[in-house]
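To be precise, the following lines are model20.cif, and they hold mmCIF, C-alpha atoms.
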data_work
loop_
_atom_site.label_atom_id
_atom_site.label_comp_id
_atom_site.auth_asym_id
_atom_site.auth_seq_id
_atom_site.Cartn_x
_atom_site.Cartn_y
_atom_site.Cartn_z
CA MET A 1 36.91 2.33 43.46
CA SER A 2 39.68 2.72 46.04
CA LEU A 3 39.34 1.01 49.40
CA ILE A 4 40.94 2.05 52.68
CA ALA A 5 40.97 -0.01 55.86
CA TYR A 6 42.46 1.74 58.86
CA ALA A 7 43.40 0.46 62.33
CA LEU A 8 41.32 -2.72 62.07
CA TRP A 9 41.13 -5.05 65.08
CA LYS A 10 39.26 -8.32 65.45
CA ASN A 11 39.29 -10.81 68.33
CA TYR A 12 37.51 -14.12 68.70
CA ASP A 13 37.33 -14.69 72.46
CA ALA A 14 40.99 -14.94 73.48
CA VAL A 15 42.31 -15.21 69.92
CA GLN A 16 43.50 -12.05 68.19
CA ALA A 17 42.69 -12.51 64.51
CA ILE A 18 43.51 -8.99 63.23
CA ALA A 19 45.80 -6.55 65.03
CA ASN A 20 45.85 -2.88 63.96
CA VAL A 21 45.84 -3.53 60.20
CA ASP A 22 46.01 -0.72 57.66
CA LEU A 23 45.36 -1.47 53.98
CA LYS A 24 44.86 0.77 50.96
CA VAL A 25 43.81 -0.70 47.63
CA GLU A 26 43.71 1.54 44.57
CA SER A 27 40.95 1.46 41.99
CA GLY A 28 41.54 -1.21 39.31
CA GLU A 29 44.28 -2.90 41.32
CA PHE A 30 44.77 -6.63 41.94
CA VAL A 31 45.89 -7.07 45.56
CA THR A 32 46.55 -10.40 47.25
CA LEU A 33 46.50 -11.14 50.97
CA LEU A 34 49.15 -13.86 51.34
CA GLY A 35 50.05 -15.87 54.39
CA PRO A 36 49.87 -19.19 56.23
CA SER A 37 46.71 -20.68 57.71
CA GLY A 38 45.50 -18.73 60.73
CA CYS A 39 47.34 -15.50 59.86
CA GLY A 40 44.11 -13.46 59.59
CA LYS A 41 43.88 -13.02 55.83
CA THR A 42 40.39 -14.54 55.47
CA THR A 43 39.12 -12.59 58.49
CA LEU A 44 40.37 -9.37 56.85
CA LEU A 45 38.66 -10.30 53.58
CA ARG A 46 35.40 -11.08 55.40
CA MET A 47 35.49 -7.70 57.15
CA ILE A 48 35.88 -5.98 53.78
CA ALA A 49 32.95 -8.04 52.47
CA GLY A 50 30.77 -7.18 55.47
CA LEU A 51 30.56 -10.78 56.66
CA GLU A 52 32.50 -9.95 59.85
CA LYS A 53 32.33 -6.70 61.83
CA PRO A 54 35.60 -5.22 63.11
CA ASP A 55 35.93 -4.65 66.84
CA ASN A 56 37.65 -1.35 66.05
CA GLY A 57 38.72 0.54 62.95
CA ILE A 58 37.16 1.87 59.78
CA ILE A 59 36.67 0.73 56.19
CA MET A 60 36.05 3.30 53.46
CA LEU A 61 35.16 2.93 49.80
CA ASP A 62 35.78 6.03 47.70
CA GLY A 63 35.57 8.20 50.80
CA GLU A 64 32.35 6.66 52.13
CA TYR A 65 32.34 4.74 55.42
CA ILE A 66 31.09 1.19 54.85
CA HIS A 67 32.27 -0.75 57.92
CA ASP A 68 28.81 -0.49 59.51
CA LEU A 69 26.94 -1.47 56.33
CA PRO A 70 25.64 -5.05 56.03
CA ALA A 71 27.14 -7.15 53.24
CA ASN A 72 24.11 -6.83 50.95
CA GLN A 73 24.42 -3.03 50.97
CA ARG A 74 28.07 -2.95 49.92
CA PRO A 75 29.07 -2.82 46.21
CA ILE A 76 31.29 -5.82 46.86
CA ASN A 77 30.86 -9.47 45.86
CA THR A 78 32.77 -12.55 47.02
CA VAL A 79 33.79 -15.75 45.25
CA PHE A 80 34.09 -18.39 47.95
CA GLN A 81 36.53 -21.29 48.12
CA SER A 82 33.70 -23.82 47.74
CA TYR A 83 32.10 -21.85 44.82
CA ALA A 84 28.69 -22.36 46.61
CA LEU A 85 26.83 -23.15 43.38
CA PHE A 86 23.26 -24.44 43.56
CA PRO A 87 23.38 -28.03 42.21
CA HIS A 88 19.69 -28.04 41.19
CA LEU A 89 20.04 -24.90 39.04
CA THR A 90 21.58 -24.63 35.58
CA VAL A 91 24.63 -22.47 34.94
CA LEU A 92 22.42 -19.65 33.62
CA GLU A 93 20.06 -19.92 36.60
CA ASN A 94 22.99 -19.87 39.04
CA VAL A 95 24.40 -16.70 37.51
CA ALA A 96 20.99 -14.98 37.31
CA TYR A 97 19.98 -15.93 40.85
CA GLY A 98 21.15 -12.73 42.53
CA LEU A 99 19.56 -10.50 39.90
CA LEU A 100 16.23 -12.28 40.20
CA ALA A 101 16.42 -11.94 43.99
CA ARG A 102 16.81 -8.18 43.44
CA LYS A 103 13.58 -8.17 41.39
CA PHE A 104 15.13 -7.86 37.94
CA SER A 105 12.84 -9.17 35.22
CA LYS A 106 13.65 -12.68 34.08
CA ALA A 107 14.42 -11.42 30.56
CA GLU A 108 16.89 -8.78 31.78
CA ALA A 109 18.47 -11.08 34.37
CA TYR A 110 19.06 -13.81 31.78
CA GLU A 111 20.38 -11.37 29.18
CA ARG A 112 22.90 -9.89 31.62
CA SER A 113 23.85 -13.38 32.77
CA ARG A 114 24.48 -14.57 29.20
CA ARG A 115 26.73 -11.56 28.55
CA THR A 116 28.68 -12.28 31.72
CA LEU A 117 29.05 -15.97 30.82
CA ASP A 118 30.44 -14.89 27.45
CA MET A 119 32.93 -12.70 29.32
CA VAL A 120 34.28 -15.69 31.27
CA ARG A 121 34.27 -17.93 28.16
CA LEU A 122 31.35 -20.15 29.13
CA GLN A 123 29.08 -19.40 26.20
CA GLY A 124 27.11 -22.47 25.13
CA MET A 125 27.13 -23.96 28.64
CA GLU A 126 24.08 -22.13 29.98
CA THR A 127 21.93 -25.27 30.31
CA ARG A 128 24.50 -27.45 32.06
CA TYR A 129 24.36 -28.21 35.76
CA PRO A 130 27.35 -27.70 38.11
CA GLN A 131 27.97 -31.45 38.43
CA GLN A 132 28.46 -31.62 34.65
CA MET A 133 31.35 -29.14 34.72
CA SER A 134 35.05 -29.30 35.57
CA GLY A 135 36.56 -27.55 38.58
CA GLY A 136 37.86 -24.68 36.45
CA GLN A 137 34.47 -24.21 34.78
CA LYS A 138 32.68 -24.20 38.14
CA GLN A 139 35.03 -21.50 39.32
CA ARG A 140 34.24 -19.37 36.28
CA VAL A 141 30.52 -19.80 36.96
CA ALA A 142 31.10 -18.55 40.52
CA ILE A 143 33.05 -15.56 39.19
CA ALA A 144 30.31 -14.82 36.63
CA ARG A 145 27.66 -14.96 39.37
CA ALA A 146 29.63 -12.36 41.33
CA LEU A 147 30.43 -10.14 38.34
CA VAL A 148 26.87 -10.04 36.98
CA ASN A 149 25.96 -7.79 39.92
CA GLU A 150 28.55 -5.27 38.66
CA PRO A 151 30.39 -4.91 42.00
CA SER A 152 32.98 -2.20 42.55
CA ILE A 153 35.27 -4.77 44.18
CA LEU A 154 35.49 -8.53 43.66
CA LEU A 155 36.84 -10.60 46.56
CA LEU A 156 38.29 -14.07 45.95
CA ASP A 157 38.78 -16.44 48.89
CA GLU A 158 41.34 -19.16 47.99
CA PRO A 159 39.72 -19.40 44.51
CA MET A 160 42.13 -22.02 43.11
CA SER A 161 42.68 -24.28 46.11
CA ALA A 162 40.43 -27.05 44.74
CA LEU A 163 42.15 -27.21 41.34
CA ASP A 164 44.99 -29.49 40.27
CA ALA A 165 48.40 -27.95 39.54
CA LYS A 166 48.07 -27.77 35.74
CA LEU A 167 44.56 -26.31 35.79
CA ARG A 168 45.58 -23.85 38.49
CA ILE A 169 48.12 -22.24 36.13
CA GLN A 170 45.51 -21.87 33.38
CA VAL A 171 42.98 -20.34 35.77
CA GLN A 172 45.59 -17.90 37.07
CA ILE A 173 46.00 -16.62 33.52
CA GLU A 174 42.24 -16.37 33.01
CA ILE A 175 41.62 -14.49 36.26
CA ARG A 176 44.43 -12.01 35.59
CA GLU A 177 43.29 -11.42 31.99
CA LEU A 178 39.70 -10.92 33.13
CA GLN A 179 40.69 -8.45 35.85
CA GLN A 180 42.78 -6.42 33.42
CA LYS A 181 40.02 -6.50 30.79
CA LEU A 182 37.37 -5.29 33.26
CA GLY A 183 39.63 -2.82 35.06
CA LYS A 184 37.94 -3.74 38.34
CA THR A 185 39.47 -3.96 41.79
CA PHE A 186 40.20 -7.57 42.82
CA ILE A 187 41.31 -8.63 46.31
CA MET A 188 42.35 -12.26 46.69
CA VAL A 189 43.27 -14.47 49.64
CA THR A 190 45.76 -17.31 49.17
CA HIS A 191 48.49 -19.23 50.98
CA ASP A 192 50.25 -20.02 47.68
CA GLN A 193 53.11 -17.61 46.95
CA ASN A 194 53.39 -18.65 43.30
CA GLU A 195 49.70 -17.92 42.79
CA ALA A 196 50.08 -14.51 44.43
CA LEU A 197 53.10 -13.58 42.34
CA ALA A 198 51.40 -14.66 39.10
CA VAL A 199 48.31 -12.46 39.35
CA SER A 200 48.97 -9.56 41.73
CA ASP A 201 49.90 -5.93 41.29
CA ARG A 202 50.68 -5.79 45.00
CA ILE A 203 50.96 -8.37 47.77
CA ALA A 204 50.30 -8.01 51.49
CA VAL A 205 52.15 -10.74 53.41
CA MET A 206 50.39 -11.48 56.69
CA GLU A 207 51.45 -13.15 59.93
CA ALA A 208 49.71 -13.34 63.32
CA GLY A 209 46.98 -10.88 62.34
CA CYS A 210 49.41 -8.24 61.01
CA ILE A 211 50.63 -7.17 57.58
CA ARG A 212 54.39 -7.72 57.65
CA GLN A 213 55.09 -6.30 54.18
CA PHE A 214 52.92 -4.70 51.50
CA GLY A 215 54.21 -3.68 48.12
CA PRO A 216 54.55 -4.51 44.42
CA ALA A 217 54.81 -8.26 43.84
CA LYS A 218 58.34 -8.02 42.40
CA THR A 219 59.56 -5.85 45.29
CA VAL A 220 58.17 -8.17 47.96
CA PHE A 221 59.77 -11.14 46.20
CA ASP A 222 63.15 -9.53 45.47
CA LYS A 223 63.52 -7.46 48.65
CA PRO A 224 61.73 -9.10 51.60
CA HIS A 225 62.02 -7.06 54.79
CA SER A 226 62.11 -9.90 57.29
CA ARG A 227 63.09 -13.53 57.63
CA PHE A 228 59.42 -14.50 57.87
CA VAL A 229 58.55 -12.83 54.56
CA ALA A 230 61.65 -14.21 52.83
CA ASP A 231 61.00 -17.72 54.14
CA PHE A 232 57.32 -17.66 53.18
CA LEU A 233 58.20 -16.53 49.65
CA GLY A 234 60.49 -19.51 49.21
CA THR A 235 63.94 -18.19 50.10
CA GLU A 236 66.05 -21.08 51.38
CA ASN A 237 69.43 -19.49 52.12
CA PHE A 238 69.85 -17.55 55.37
CA ILE A 239 73.35 -16.51 56.39
CA GLU A 240 74.33 -14.97 59.71
CA ALA A 241 76.63 -11.98 59.18
CA GLU A 242 78.64 -9.33 60.99
CA LYS A 243 78.93 -5.79 59.65
CA ILE A 244 82.46 -4.71 58.72
CA GLY A 245 81.52 -1.65 56.63
CA ASP A 246 78.49 0.30 55.45
CA HIS A 247 78.05 -2.17 52.58
CA SER A 248 80.21 -5.12 53.58
CA VAL A 249 79.80 -8.11 55.87
CA ARG A 250 81.76 -11.04 57.20
CA THR A 251 80.22 -14.53 57.24
CA LEU A 252 81.34 -18.12 57.71
CA TRP A 253 81.44 -18.31 53.91
CA GLY A 254 83.67 -15.27 53.52
CA ASP A 255 83.37 -11.51 53.16
CA PHE A 256 80.74 -10.04 50.85
CA THR A 257 79.76 -6.66 49.47
CA VAL A 258 76.04 -5.87 49.48
CA GLU A 259 74.14 -3.15 47.66
CA ASP A 260 71.84 -2.00 50.48
CA PRO A 261 73.10 -0.20 53.61
CA ILE A 262 73.42 -2.47 56.65
CA PRO A 263 71.32 -1.33 59.64
CA TRP A 264 72.74 -3.75 62.24
CA GLU A 265 76.06 -4.89 63.70
CA LYS A 266 75.01 -8.55 63.56
CA GLY A 267 72.12 -9.87 61.51
CA THR A 268 70.97 -12.05 58.64
CA LEU A 269 71.41 -11.99 54.87
CA THR A 270 69.58 -14.02 52.30
CA VAL A 271 70.28 -14.84 48.66
CA ARG A 272 68.02 -16.81 46.34
CA PRO A 273 69.47 -20.03 44.82
CA GLU A 274 68.93 -18.73 41.28
CA ASN A 275 71.06 -15.65 42.01
CA MET A 276 74.14 -17.71 42.88
CA TYR A 277 76.34 -18.83 40.00
CA LEU A 278 79.42 -20.89 39.30
CA ALA A 279 82.67 -18.98 38.87
CA ALA A 280 86.32 -19.71 38.14
CA GLU A 281 87.14 -17.92 41.39
CA GLY A 282 84.85 -17.42 44.34
CA ILE A 283 83.69 -19.18 47.47
CA THR A 284 84.85 -22.79 47.54
CA ALA A 285 82.19 -25.34 48.50
CA ARG A 286 81.61 -29.07 48.20
CA VAL A 287 78.38 -30.38 46.68
CA THR A 288 76.60 -32.86 48.95
CA THR A 289 73.46 -33.48 46.87
CA THR A 290 72.08 -32.66 43.41
CA LEU A 291 68.36 -32.45 42.70
CA TYR A 292 67.19 -32.60 39.06
CA ARG A 293 64.36 -30.21 38.19
CA GLY A 294 64.09 -30.54 34.39
CA PRO A 295 65.57 -27.32 32.94
CA TYR A 296 67.67 -26.71 36.04
CA GLN A 297 69.22 -28.53 38.98
CA ILE A 298 69.57 -27.65 42.64
CA LEU A 299 72.97 -28.06 44.28
CA ILE A 300 72.98 -28.51 48.05
CA LEU A 301 76.32 -27.41 49.43
CA GLU A 302 78.12 -28.28 52.64
CA GLY A 303 76.70 -26.00 55.28
CA GLY A 304 73.20 -26.20 53.79
CA LEU A 305 73.27 -23.47 51.12
CA ARG A 306 71.37 -24.19 47.93
CA MET A 307 72.12 -22.88 44.46
CA GLN A 308 70.37 -23.32 41.14
CA ILE A 309 72.25 -23.96 37.89
CA ASP A 310 71.48 -25.16 34.38
CA ALA A 311 70.69 -28.87 34.29
CA LYS A 312 73.17 -29.37 31.43
CA ILE A 313 76.18 -28.40 33.56
CA PRO A 314 77.86 -31.65 34.71
CA VAL A 315 78.05 -31.42 38.49
CA ARG A 316 77.87 -34.44 40.80
CA SER A 317 77.69 -35.05 44.53
CA GLY A 318 81.17 -34.77 46.02
CA ASP A 319 82.40 -32.22 43.46
CA GLU A 320 84.15 -29.08 44.68
CA ILE A 321 82.82 -25.92 43.04
CA HIS A 322 83.32 -22.15 43.29
CA TRP A 323 80.35 -19.82 43.54
CA THR A 324 79.66 -16.12 43.79
CA CYS A 325 76.83 -13.63 43.34
CA SER A 326 76.48 -9.93 42.59
CA PRO A 327 76.12 -7.32 45.43
CA ASP A 328 72.52 -6.56 44.42
CA SER A 329 71.54 -10.23 44.87
CA TRP A 330 72.07 -10.07 48.62
CA VAL A 331 69.07 -9.03 50.71
CA VAL A 332 69.74 -7.46 54.10
CA LEU A 333 66.95 -8.62 56.42
CA HIS A 334 65.61 -6.25 59.05
CA GLY A 335 64.00 -8.79 61.34
#
What does the file become when written as structure tokens?
Amino acid sequence: MSLIAYALWKNYDAVQAIANVDLKVESGEFVTLLGPSGCGKTTLLRMIAGLEKPDNGIIMLDGEYIHDLPANQRPINTVFQSYALFPHLTVLENVAYGLLARKFSKAEAYERSRRTLDMVRLQGMETRYPQQMSGGQKQRVAIARALVNEPSILLLDEPMSALDAKLRIQVQIEIRELQQKLGKTFIMVTHDQNEALAVSDRIAVMEAGCIRQFGPAKTVFDKPHSRFVADFLGTENFIEAEKIGDHSVRTLWGDFTVEDPIPWEKGTLTVRPENMYLAAEGITARVTTTLYRGPYQILILEGGLRMQIDAKIPVRSGDEIHWTCSPDSWVVLHG
């Protein structure tokens, strides 16, 4: 089911949590709300869930207004950051809890719960208690408990924040595979850009209660609109520039040609470290520091620019190198 939120506002006393937000999520899509703490992403998720009421604006699901419906009347379920499992109930009882509360027979509730546990690869663990399971397994129980109700949309609030780095990667794969297998609409909140890029069809980057950029994950990563979006997605090189042509600029590092048209007379460019490369001729720079990262190394250049090269290339601090990059690697920032 497609979801549309239009002109949403939410204030808490003097704090503006959401400011005129529009969001459209297509049926079967995985969308992530990405941003720093306090940007409004969780408030937006809770309004979609029905756990917070917007001060103004509408929320529609397949053409039906739902913003005035209480949470228990929306075909939407939420997996919370804490998982919120009942410690005194078994895995099967946790998953079946909502069905039993809706007056399903015990036989039907347990049968549906077993099928859902199979779906999230927890077959054989029905009689365990939450405290007997790993963090990743607990998360899958929480997802199964939400999915067993057959919601149109599944909301995930920082679902991997409690997991260690290695397990987080595995769970990212599992969540993405499950979403694609089910074909359901997932909306996730996270502050982790790598997590968002790994699982999402589209990403909405939020700041100060607003969506600053919303688009396909690759587009948001490769072509950020603003310095905030670029910085939050891990870009480290920002270069002040002056326009000298429709597609050319002058900087302290030299003159460059860029692919996109330049909308300002003076502004900022960015280029990702992995898109810079060593060249026989190019911009001359001295290496001040090298950082080893296993398969690659980071070179920090005089002036603060960073570039990424293969770890096998012998470069040391103090070396003079030449670098360049292609016109389509430059991103012209609009703010």
task = Mind checking which residues fall within 8 Å of Glu207 in chain A, counting all atoms listed in the file, ignoring those fewer than 4 positions away in the same chain, and posting them as a count of residues only?
result = 6
request  = Any chance you could resolve the PyMOL selection byres ((chain A and resi 88-91) around 8) against this file and give the residues as a PyMOL selection string?
outcome  = chain A and resi 86-87+92-95+125-130+141
For the residues in that selection, give me C-alpha atoms as a short mmCIF file (atom, residue, chain, number, x, y, z; two decimals), keeping the file's coordinate frame.
data_model
loop_
_atom_site.label_atom_id
_atom_site.label_comp_id
_atom_site.auth_asym_id
_atom_site.auth_seq_id
_atom_site.Cartn_x
_atom_site.Cartn_y
_atom_site.Cartn_z
CA PHE A 86 23.26 -24.44 43.56
CA PRO A 87 23.38 -28.03 42.21
CA LEU A 92 22.42 -19.65 33.62
CA GLU A 93 20.06 -19.92 36.60
CA ASN A 94 22.99 -19.87 39.04
CA VAL A 95 24.40 -16.70 37.51
CA MET A 125 27.13 -23.96 28.64
CA GLU A 126 24.08 -22.13 29.98
CA THR A 127 21.93 -25.27 30.31
CA ARG A 128 24.50 -27.45 32.06
CA TYR A 129 24.36 -28.21 35.76
CA PRO A 130 27.35 -27.70 38.11
CA VAL A 141 30.52 -19.80 36.96
#
inquiry  = Between CA of Glu281 in chain A and CA of Cys325 in chain A, what distance in Å does the model show, to one decimal?
reply    =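 That distance, rounded to one decimal, is 11.3 Å.
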message = Nearest residue to Val148 in chain A out of A:Glu320, A:Glu26, A:Glu302, A:Glu111, using all atoms listed in the file?
response =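 Of A:Glu320, A:Glu26, A:Glu302, A:Glu111, the one nearest Val148 in chain A, counting all atoms listed in the file, is A:Glu111.
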key: Atom pair CA of Gln16 in chain A / CA of Asp157 in chain A: separation (Å)   =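 CA of Asp157 in chain A lies at a distance of 20.3 Å from CA of Gln16 in chain A.
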query = Neighbours of Phe256 in chain A within 10 Å (only C-alpha atoms; same-chain residues fewer than 2 positions away dropped), as a PyMOL selection string?
reply = chain A and resi 241+243-244+247-251+253-254+258+324-327+330
inquiry  = With distances taken over all atoms listed in the file, which residue among A:Phe186, A:Phe232, A:Tyr296, A:Trp9 lies nearest Ile143 in chain A?
reply    =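 Ranking A:Phe186, A:Phe232, A:Tyr296, A:Trp9 by distance to Ile143 in chain A, first place goes to A:Phe186.
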message = Let me make sure I understand: among A:Asn149, A:Thr289, A:Asn194, A:Gln297, which one has the smallest atom-to-atom distance to Asp319 in chain A if we use only C-alpha atoms?
response =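 Closest to Asp319 in chain A of all the choices is A:Thr289.
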ask   = Could you spell out the hits of the PyMOL selection byres ((chain A and resi 199) around 8) on the shown file, as a ChimeraX atom specification?
value = /A:30,172-173,175-176,195-198,200-201
request  = Decode the PyMOL selection byres ((chain A and resi 168) around 12) for the given file into explicit residues and return them as number ranges by chain.
outcome  = A: 135-137, 139, 158-167, 169-175, 192, 194-196, 198-199
task = Can you work out which one of A:Leu44, A:Ala146, A:Leu122, A:Thr78 has the shortest atom-to-atom distance to Ala96 in chain A, counting all atoms listed in the file?
result = A:Ala146
